[in-house]
>>> print(open('query.cif').read())   # mmCIF, C-alpha atoms, pLDDT in the B column; chains and numbers go by the auth columns
data_model
#
loop_
_atom_site.group_PDB
_atom_site.id
_atom_site.type_symbol
_atom_site.label_atom_id
_atom_site.label_comp_id
_atom_site.label_asym_id
_atom_site.label_seq_id
_atom_site.Cartn_x
_atom_site.Cartn_y
_atom_site.Cartn_z
_atom_site.B_iso_or_equiv
_atom_site.auth_seq_id
_atom_site.auth_asym_id
ATOM 1 C CA MET A 1 89.929 97.210 116.346 72.00 1273 X
ATOM 2 C CA LYS A 2 93.633 96.459 116.055 91.00 1274 X
ATOM 3 C CA SER A 3 96.224 99.225 116.440 96.00 1275 X
ATOM 4 C CA ASP A 4 98.499 100.821 113.861 98.00 1276 X
ATOM 5 C CA GLU A 5 101.407 99.100 115.611 98.00 1277 X
ATOM 6 C CA TYR A 6 99.775 95.704 115.076 98.00 1278 X
ATOM 7 C CA TYR A 7 99.512 96.242 111.315 98.00 1279 X
ATOM 8 C CA ILE A 8 103.035 97.677 111.006 98.00 1280 X
ATOM 9 C CA LYS A 9 104.311 94.559 112.772 98.00 1281 X
ATOM 10 C CA GLU A 10 102.440 92.505 110.162 98.00 1282 X
ATOM 11 C CA ALA A 11 104.214 94.562 107.472 98.00 1283 X
ATOM 12 C CA ILE A 12 107.530 93.851 109.239 98.00 1284 X
ATOM 13 C CA LYS A 13 106.778 90.116 108.905 98.00 1285 X
ATOM 14 C CA GLN A 14 106.432 90.687 105.168 98.00 1286 X
ATOM 15 C CA ALA A 15 109.693 92.657 105.027 98.00 1287 X
ATOM 16 C CA ARG A 16 111.551 89.771 106.678 96.00 1288 X
ATOM 17 C CA LYS A 17 110.668 87.615 103.658 95.00 1289 X
ATOM 18 C CA CYS A 18 113.271 89.632 101.730 92.00 1290 X
ATOM 19 C CA SER A 19 116.083 87.932 103.666 81.00 1291 X
ATOM 20 C CA SER A 20 116.435 85.190 101.057 77.00 1292 X
ATOM 21 C CA SER A 21 117.277 87.744 98.347 78.00 1293 X
ATOM 22 C CA GLU A 22 119.187 91.012 98.144 87.00 1294 X
ATOM 23 C CA ASP A 23 115.950 92.981 98.226 95.00 1295 X
ATOM 24 C CA VAL A 24 115.667 95.931 100.583 96.00 1296 X
ATOM 25 C CA PRO A 25 113.492 94.668 103.458 97.00 1297 X
ATOM 26 C CA VAL A 26 110.257 96.564 102.960 98.00 1298 X
ATOM 27 C CA GLY A 27 106.865 95.060 103.648 98.00 1299 X
ATOM 28 C CA ALA A 28 103.289 96.270 103.212 98.00 1300 X
ATOM 29 C CA VAL A 29 99.801 95.193 104.203 98.00 1301 X
ATOM 30 C CA ILE A 30 96.441 96.601 103.144 98.00 1302 X
ATOM 31 C CA VAL A 31 93.603 96.600 105.644 98.00 1303 X
ATOM 32 C CA ARG A 32 89.867 96.830 105.012 98.00 1304 X
ATOM 33 C CA GLU A 33 87.325 96.817 107.813 96.00 1305 X
ATOM 34 C CA GLY A 34 89.963 95.680 110.303 97.00 1306 X
ATOM 35 C CA LYS A 35 91.124 92.707 108.196 97.00 1307 X
ATOM 36 C CA ILE A 36 94.312 92.340 106.171 98.00 1308 X
ATOM 37 C CA ILE A 37 93.203 91.781 102.582 98.00 1309 X
ATOM 38 C CA ALA A 38 96.606 91.962 100.859 98.00 1310 X
ATOM 39 C CA ARG A 39 100.287 91.620 101.663 98.00 1311 X
ATOM 40 C CA GLY A 40 103.464 92.375 99.784 98.00 1312 X
ATOM 41 C CA TYR A 41 107.213 92.622 100.158 98.00 1313 X
ATOM 42 C CA ASN A 42 109.977 93.996 97.959 98.00 1314 X
ATOM 43 C CA GLN A 43 110.882 91.680 95.091 97.00 1315 X
ATOM 44 C CA VAL A 44 112.864 94.027 92.847 96.00 1316 X
ATOM 45 C CA GLU A 45 116.029 91.883 92.858 94.00 1317 X
ATOM 46 C CA LYS A 46 114.169 88.583 93.031 94.00 1318 X
ATOM 47 C CA LYS A 47 112.045 89.405 89.957 95.00 1319 X
ATOM 48 C CA ASN A 48 114.591 91.717 88.288 96.00 1320 X
ATOM 49 C CA ASN A 49 111.795 94.289 88.010 97.00 1321 X
ATOM 50 C CA ALA A 50 112.128 97.889 89.229 97.00 1322 X
ATOM 51 C CA THR A 51 108.375 98.123 89.901 97.00 1323 X
ATOM 52 C CA SER A 52 108.154 95.107 92.233 98.00 1324 X
ATOM 53 C CA HIS A 53 107.965 97.205 95.396 98.00 1325 X
ATOM 54 C CA ALA A 54 106.027 95.960 98.427 98.00 1326 X
ATOM 55 C CA GLU A 55 103.344 98.630 98.040 98.00 1327 X
ATOM 56 C CA ILE A 56 102.728 97.922 94.333 98.00 1328 X
ATOM 57 C CA ILE A 57 102.434 94.179 94.963 98.00 1329 X
ATOM 58 C CA ALA A 58 100.027 94.730 97.887 98.00 1330 X
ATOM 59 C CA ILE A 59 97.914 97.213 95.885 98.00 1331 X
ATOM 60 C CA GLU A 60 97.633 94.806 92.933 98.00 1332 X
ATOM 61 C CA ARG A 61 96.555 91.990 95.261 98.00 1333 X
ATOM 62 C CA ALA A 62 94.030 94.196 97.084 98.00 1334 X
ATOM 63 C CA ILE A 63 92.488 95.354 93.800 98.00 1335 X
ATOM 64 C CA LYS A 64 92.071 91.714 92.730 98.00 1336 X
ATOM 65 C CA LYS A 65 90.468 90.881 96.075 97.00 1337 X
ATOM 66 C CA VAL A 66 88.117 93.892 96.083 97.00 1338 X
ATOM 67 C CA GLY A 67 87.378 93.677 92.370 97.00 1339 X
ATOM 68 C CA TYR A 68 87.709 97.415 91.769 97.00 1340 X
ATOM 69 C CA LYS A 69 90.590 99.758 90.905 97.00 1341 X
ATOM 70 C CA HIS A 70 89.945 102.080 93.869 98.00 1342 X
ATOM 71 C CA LEU A 71 90.550 101.096 97.472 98.00 1343 X
ATOM 72 C CA LEU A 72 88.628 103.953 99.074 96.00 1344 X
ATOM 73 C CA ASP A 73 87.851 102.118 102.313 96.00 1345 X
ATOM 74 C CA CYS A 74 91.333 100.625 102.737 98.00 1346 X
ATOM 75 C CA ASP A 75 94.467 101.625 104.619 98.00 1347 X
ATOM 76 C CA ILE A 76 98.048 100.705 103.718 98.00 1348 X
ATOM 77 C CA TYR A 77 100.767 99.989 106.269 98.00 1349 X
ATOM 78 C CA VAL A 78 104.385 100.031 105.088 98.00 1350 X
ATOM 79 C CA THR A 79 107.666 99.592 106.944 98.00 1351 X
ATOM 80 C CA LEU A 80 109.374 102.422 105.000 98.00 1352 X
ATOM 81 C CA GLU A 81 108.022 105.738 103.744 98.00 1353 X
ATOM 82 C CA PRO A 82 106.945 105.138 100.126 98.00 1354 X
ATOM 83 C CA CYS A 83 109.022 106.345 97.172 98.00 1355 X
ATOM 84 C CA PRO A 84 107.537 108.603 94.445 98.00 1356 X
ATOM 85 C CA MET A 85 106.337 105.632 92.360 98.00 1357 X
ATOM 86 C CA CYS A 86 104.601 103.967 95.292 98.00 1358 X
ATOM 87 C CA SER A 87 103.181 107.220 96.657 98.00 1359 X
ATOM 88 C CA GLY A 88 101.724 107.881 93.205 98.00 1360 X
ATOM 89 C CA ALA A 89 100.219 104.390 93.093 98.00 1361 X
ATOM 90 C CA ILE A 90 98.742 104.880 96.571 98.00 1362 X
ATOM 91 C CA VAL A 91 97.091 108.114 95.399 98.00 1363 X
ATOM 92 C CA LEU A 92 95.846 106.551 92.147 98.00 1364 X
ATOM 93 C CA ALA A 93 94.398 103.562 94.031 98.00 1365 X
ATOM 94 C CA ARG A 94 92.658 106.111 96.272 98.00 1366 X
ATOM 95 C CA LEU A 95 93.646 104.486 99.542 98.00 1367 X
ATOM 96 C CA ARG A 96 92.143 106.186 102.572 98.00 1368 X
ATOM 97 C CA ARG A 97 95.170 106.193 104.843 98.00 1369 X
ATOM 98 C CA LEU A 98 98.923 105.530 104.795 98.00 1370 X
ATOM 99 C CA VAL A 99 100.816 104.508 107.924 98.00 1371 X
ATOM 100 C CA PHE A 100 104.553 103.877 107.682 98.00 1372 X
ATOM 101 C CA GLY A 101 107.435 103.017 109.978 98.00 1373 X
ATOM 102 C CA ALA A 102 110.788 104.514 109.001 98.00 1374 X
ATOM 103 C CA PHE A 103 111.146 107.895 107.326 98.00 1375 X
ATOM 104 C CA ASP A 104 113.203 107.953 104.114 97.00 1376 X
ATOM 105 C CA PRO A 105 115.079 111.247 103.691 96.00 1377 X
ATOM 106 C CA LYS A 106 116.572 110.126 100.340 95.00 1378 X
ATOM 107 C CA THR A 107 113.486 108.985 98.410 96.00 1379 X
ATOM 108 C CA GLY A 108 110.497 109.404 100.738 98.00 1380 X
ATOM 109 C CA ALA A 109 107.521 110.882 98.922 98.00 1381 X
ATOM 110 C CA ALA A 110 104.885 111.016 101.674 98.00 1382 X
ATOM 111 C CA THR A 111 106.557 113.597 103.949 96.00 1383 X
ATOM 112 C CA SER A 112 110.368 113.603 103.785 96.00 1384 X
ATOM 113 C CA LEU A 113 111.464 114.592 100.276 96.00 1385 X
ATOM 114 C CA TYR A 114 108.126 115.026 98.509 97.00 1386 X
ATOM 115 C CA ASN A 115 104.531 115.144 99.690 97.00 1387 X
ATOM 116 C CA ILE A 116 102.725 113.346 96.868 98.00 1388 X
ATOM 117 C CA THR A 117 100.107 111.757 99.143 97.00 1389 X
ATOM 118 C CA SER A 118 98.888 115.156 100.368 95.00 1390 X
ATOM 119 C CA ASP A 119 99.515 117.317 97.297 96.00 1391 X
ATOM 120 C CA GLU A 120 96.453 119.492 96.770 95.00 1392 X
ATOM 121 C CA ARG A 121 97.113 119.624 93.016 96.00 1393 X
ATOM 122 C CA LEU A 122 96.214 115.945 92.720 95.00 1394 X
ATOM 123 C CA ASN A 123 92.674 114.571 92.626 93.00 1395 X
ATOM 124 C CA HIS A 124 93.049 112.484 95.786 96.00 1396 X
ATOM 125 C CA ARG A 125 94.744 113.027 99.116 96.00 1397 X
ATOM 126 C CA LEU A 126 94.957 110.760 102.109 97.00 1398 X
ATOM 127 C CA GLU A 127 95.758 110.813 105.768 97.00 1399 X
ATOM 128 C CA VAL A 128 99.425 110.024 106.477 98.00 1400 X
ATOM 129 C CA LEU A 129 101.021 108.909 109.725 98.00 1401 X
ATOM 130 C CA GLY A 130 104.752 108.203 109.833 98.00 1402 X
ATOM 131 C CA GLY A 131 107.062 106.892 112.513 98.00 1403 X
ATOM 132 C CA VAL A 132 104.964 103.971 113.787 98.00 1404 X
ATOM 133 C CA CYS A 133 107.406 101.354 115.142 98.00 1405 X
ATOM 134 C CA GLU A 134 110.093 103.547 113.599 98.00 1406 X
ATOM 135 C CA LYS A 135 113.025 102.128 115.595 98.00 1407 X
ATOM 136 C CA GLU A 136 112.270 98.534 114.653 97.00 1408 X
ATOM 137 C CA CYS A 137 111.752 99.399 110.984 98.00 1409 X
ATOM 138 C CA SER A 138 114.888 101.570 110.825 97.00 1410 X
ATOM 139 C CA LEU A 139 117.047 98.958 112.541 97.00 1411 X
ATOM 140 C CA MET A 140 115.938 96.286 110.078 96.00 1412 X
ATOM 141 C CA LEU A 141 117.001 98.528 107.182 96.00 1413 X
ATOM 142 C CA LYS A 142 120.309 99.542 108.799 95.00 1414 X
ATOM 143 C CA ASP A 143 121.173 95.895 109.454 94.00 1415 X
ATOM 144 C CA PHE A 144 120.391 94.987 105.851 93.00 1416 X
ATOM 145 C CA PHE A 145 122.624 97.704 104.396 91.00 1417 X
ATOM 146 C CA LYS A 146 125.424 96.911 106.857 92.00 1418 X
ATOM 147 C CA LYS A 147 125.380 93.229 105.815 89.00 1419 X
ATOM 148 C CA LEU A 148 125.196 94.193 102.145 84.00 1420 X
ATOM 149 C CA ARG A 149 128.295 96.418 102.494 87.00 1421 X
ATOM 150 C CA GLU A 150 130.121 93.644 104.362 85.00 1422 X
ATOM 151 C CA ARG A 151 129.358 91.152 101.566 82.00 1423 X
ATOM 152 C CA LYS A 152 130.538 93.543 98.878 80.00 1424 X
ATOM 153 C CA ASN A 153 133.701 94.567 100.769 81.00 1425 X
ATOM 154 C CA GLY A 154 134.448 91.179 102.330 67.00 1426 X
#
>>> encode(input="query.cif", output="structure tokens")
Amino acid sequence: MKSDEYYIKEAIKQARKCSSSEDVPVGAVIVREGKIIARGYNQVEKKNNATSHAEIIAIERAIKKVGYKHLLDCDIYVTLEPCPMCSGAIVLARLRRLVFGAFDPKTGAATSLYNITSDERLNHRLEVLGGVCEKECSLMLKDFFKKLRERKNG
């Protein structure tokens, strides 16, 4: 069985696909029985759609592959802690486990700002592990925002 680090590195490969647009470099993969069944990366700017987050795209693809709205035996790996929308989608899709790289103190909804994925008031909760390959994921985001500021100020 492959490690959490292996799958986060696969999510990082997805995040790097954002380099051709001004999308925040976030990538996601969904794993079932040790195999990646869906991939996604942020396409908010590319598609001009606020819901085109990596997690949403990966969840939609996994549901098509599995043929059912719930992904009970699947895990999601994301380079950045999911926002409230994505955390809600992860709960609604009933994923078994969430593993993410960088923590997001501004919009993180799995541990940092909110705890949607473990909220006992909801009908589904999942195991959450944050900080896997955190330095690599954080550096990718810091570099992106530095370059974005340079473009806007330069």
>>> resolve_selection(input="query.cif", expression="the PyMOL selection byres ((chain X and resi 1344-1351) around 8)", output="MDAnalysis selection string")
chainID X and resid 1276 1279:1280 1283:1284 1287 1298:1305 1326:1327 1342:1343 1352:1354 1365:1374 1409
>>> write_last_selection(input="query.cif", atoms="C-alpha atoms", output="short mmCIF file (atom, residue, chain, number, x, y, z; two decimals), in the frame of the given file")
data_model
loop_
_atom_site.label_atom_id
_atom_site.label_comp_id
_atom_site.auth_asym_id
_atom_site.auth_seq_id
_atom_site.Cartn_x
_atom_site.Cartn_y
_atom_site.Cartn_z
CA ASP X 1276 98.50 100.82 113.86
CA TYR X 1279 99.51 96.24 111.32
CA ILE X 1280 103.04 97.68 111.01
CA ALA X 1283 104.21 94.56 107.47
CA ILE X 1284 107.53 93.85 109.24
CA ALA X 1287 109.69 92.66 105.03
CA VAL X 1298 110.26 96.56 102.96
CA GLY X 1299 106.86 95.06 103.65
CA ALA X 1300 103.29 96.27 103.21
CA VAL X 1301 99.80 95.19 104.20
CA ILE X 1302 96.44 96.60 103.14
CA VAL X 1303 93.60 96.60 105.64
CA ARG X 1304 89.87 96.83 105.01
CA GLU X 1305 87.32 96.82 107.81
CA ALA X 1326 106.03 95.96 98.43
CA GLU X 1327 103.34 98.63 98.04
CA HIS X 1342 89.94 102.08 93.87
CA LEU X 1343 90.55 101.10 97.47
CA LEU X 1352 109.37 102.42 105.00
CA GLU X 1353 108.02 105.74 103.74
CA PRO X 1354 106.94 105.14 100.13
CA ALA X 1365 94.40 103.56 94.03
CA ARG X 1366 92.66 106.11 96.27
CA LEU X 1367 93.65 104.49 99.54
CA ARG X 1368 92.14 106.19 102.57
CA ARG X 1369 95.17 106.19 104.84
CA LEU X 1370 98.92 105.53 104.80
CA VAL X 1371 100.82 104.51 107.92
CA PHE X 1372 104.55 103.88 107.68
CA GLY X 1373 107.44 103.02 109.98
CA ALA X 1374 110.79 104.51 109.00
CA CYS X 1409 111.75 99.40 110.98
#
>>> atom_distance(input="query.cif", atom1="CA of Lys1307 in chain X", atom2="CA of Ile1329 in chain X")
17.5 Å
>>> closest_residue(input="query.cif", among="X:Lys1419, X:Arg1311, X:Lys1378, X:His1325", to="Lys1337 in chain X", atoms="all atoms listed in the file")
X:Arg1311
>>> closest_residue(input="query.cif", among="X:Lys1341, X:Lys1289, X:His1396, X:Arg1333", to="Ser1359 in chain X", atoms="all atoms listed in the file")
X:His1396
>>> closest_residue(input="query.cif", among="X:Lys1414, X:Arg1393, X:Lys1318, X:Lys1424", to="Asp1295 in chain X", atoms="only C-alpha atoms")
X:Lys1318
>>> resolve_selection(input="query.cif", expression="the PyMOL selection byres ((chain X and resi 1383) around 12)", output="ChimeraX atom specification")
/X:1352-1356,1359,1370-1372,1374-1382,1384-1391,1399-1403
>>> atom_distance(input="query.cif", atom1="CA of Leu1411 in chain X", atom2="CA of Met1273 in chain X")
27.4 Å
>>> build_atoms(input="query.cif", residues="range 1369-1380 of chain X", atoms="all heavy atoms", output="tab-separated table (two decimals), keeping the file's coordinate frame")
chain	number	residue	atom	x	y	z
X	1369	ARG	N	94.19	105.84	103.82
X	1369	ARG	CA	95.17	106.19	104.84
X	1369	ARG	C	96.48	105.44	104.60
X	1369	ARG	O	96.46	104.29	104.19
X	1369	ARG	CB	94.59	105.81	106.21
X	1369	ARG	CG	95.33	106.24	107.39
X	1369	ARG	CD	94.42	106.06	108.65
X	1369	ARG	NE	95.16	106.42	109.83
X	1369	ARG	CZ	95.60	105.56	110.73
X	1369	ARG	NH1	95.33	104.28	110.62
X	1369	ARG	NH2	96.29	105.99	111.77
X	1370	LEU	N	97.59	106.12	104.87
X	1370	LEU	CA	98.92	105.53	104.80
X	1370	LEU	C	99.57	105.65	106.17
X	1370	LEU	O	99.63	106.73	106.73
X	1370	LEU	CB	99.78	106.27	103.76
X	1370	LEU	CG	101.30	106.10	103.85
X	1370	LEU	CD1	101.71	104.66	103.55
X	1370	LEU	CD2	102.00	107.08	102.90
X	1371	VAL	N	100.06	104.52	106.67
X	1371	VAL	CA	100.82	104.51	107.92
X	1371	VAL	C	102.15	103.83	107.59
X	1371	VAL	O	102.17	102.76	106.99
X	1371	VAL	CB	100.08	103.72	109.03
X	1371	VAL	CG1	100.90	103.69	110.31
X	1371	VAL	CG2	98.69	104.32	109.28
X	1372	PHE	N	103.25	104.48	107.96
X	1372	PHE	CA	104.55	103.88	107.68
X	1372	PHE	C	105.45	103.94	108.90
X	1372	PHE	O	105.22	104.72	109.82
X	1372	PHE	CB	105.21	104.50	106.45
X	1372	PHE	CG	105.60	105.94	106.56
X	1372	PHE	CD1	106.82	106.31	107.10
X	1372	PHE	CD2	104.74	106.95	106.12
X	1372	PHE	CE1	107.19	107.65	107.20
X	1372	PHE	CE2	105.10	108.28	106.21
X	1372	PHE	CZ	106.33	108.64	106.76
X	1373	GLY	N	106.50	103.11	108.87
X	1373	GLY	CA	107.44	103.02	109.98
X	1373	GLY	C	108.57	104.02	109.88
X	1373	GLY	O	108.52	105.10	110.46
X	1374	ALA	N	109.59	103.68	109.11
X	1374	ALA	CA	110.79	104.51	109.00
X	1374	ALA	C	110.60	105.62	107.97
X	1374	ALA	O	110.02	105.40	106.90
X	1374	ALA	CB	111.98	103.64	108.62
X	1375	PHE	N	111.11	106.79	108.29
X	1375	PHE	CA	111.15	107.90	107.33
X	1375	PHE	C	112.30	107.65	106.36
X	1375	PHE	O	113.29	107.02	106.71
X	1375	PHE	CB	111.35	109.24	108.04
X	1375	PHE	CG	110.14	109.67	108.83
X	1375	PHE	CD1	109.94	109.22	110.13
X	1375	PHE	CD2	109.19	110.52	108.26
X	1375	PHE	CE1	108.83	109.61	110.86
X	1375	PHE	CE2	108.07	110.90	108.98
X	1375	PHE	CZ	107.89	110.45	110.28
X	1376	ASP	N	112.16	108.13	105.13
X	1376	ASP	CA	113.20	107.95	104.11
X	1376	ASP	C	113.62	109.31	103.55
X	1376	ASP	O	113.00	109.82	102.61
X	1376	ASP	CB	112.69	107.05	102.99
X	1376	ASP	CG	113.78	106.71	101.98
X	1376	ASP	OD1	114.88	107.29	102.05
X	1376	ASP	OD2	113.53	105.86	101.12
X	1377	PRO	N	114.67	109.91	104.13
X	1377	PRO	CA	115.08	111.25	103.69
X	1377	PRO	C	115.64	111.30	102.26
X	1377	PRO	O	115.70	112.37	101.67
X	1377	PRO	CB	116.16	111.65	104.71
X	1377	PRO	CG	116.64	110.37	105.29
X	1377	PRO	CD	115.49	109.40	105.21
X	1378	LYS	N	116.00	110.14	101.69
X	1378	LYS	CA	116.57	110.13	100.34
X	1378	LYS	C	115.53	110.00	99.24
X	1378	LYS	O	115.66	110.60	98.19
X	1378	LYS	CB	117.60	109.00	100.22
X	1378	LYS	CG	118.83	109.27	101.05
X	1378	LYS	CD	119.87	108.21	100.83
X	1378	LYS	CE	121.10	108.53	101.67
X	1378	LYS	NZ	122.14	107.54	101.47
X	1379	THR	N	114.49	109.18	99.47
X	1379	THR	CA	113.49	108.98	98.41
X	1379	THR	C	112.05	109.04	98.92
X	1379	THR	O	111.12	108.75	98.16
X	1379	THR	CB	113.69	107.64	97.67
X	1379	THR	OG1	113.50	106.57	98.59
X	1379	THR	CG2	115.07	107.54	97.04
X	1380	GLY	N	111.84	109.39	100.17
X	1380	GLY	CA	110.50	109.40	100.74
X	1380	GLY	C	109.60	110.44	100.07
X	1380	GLY	O	109.97	111.60	99.94
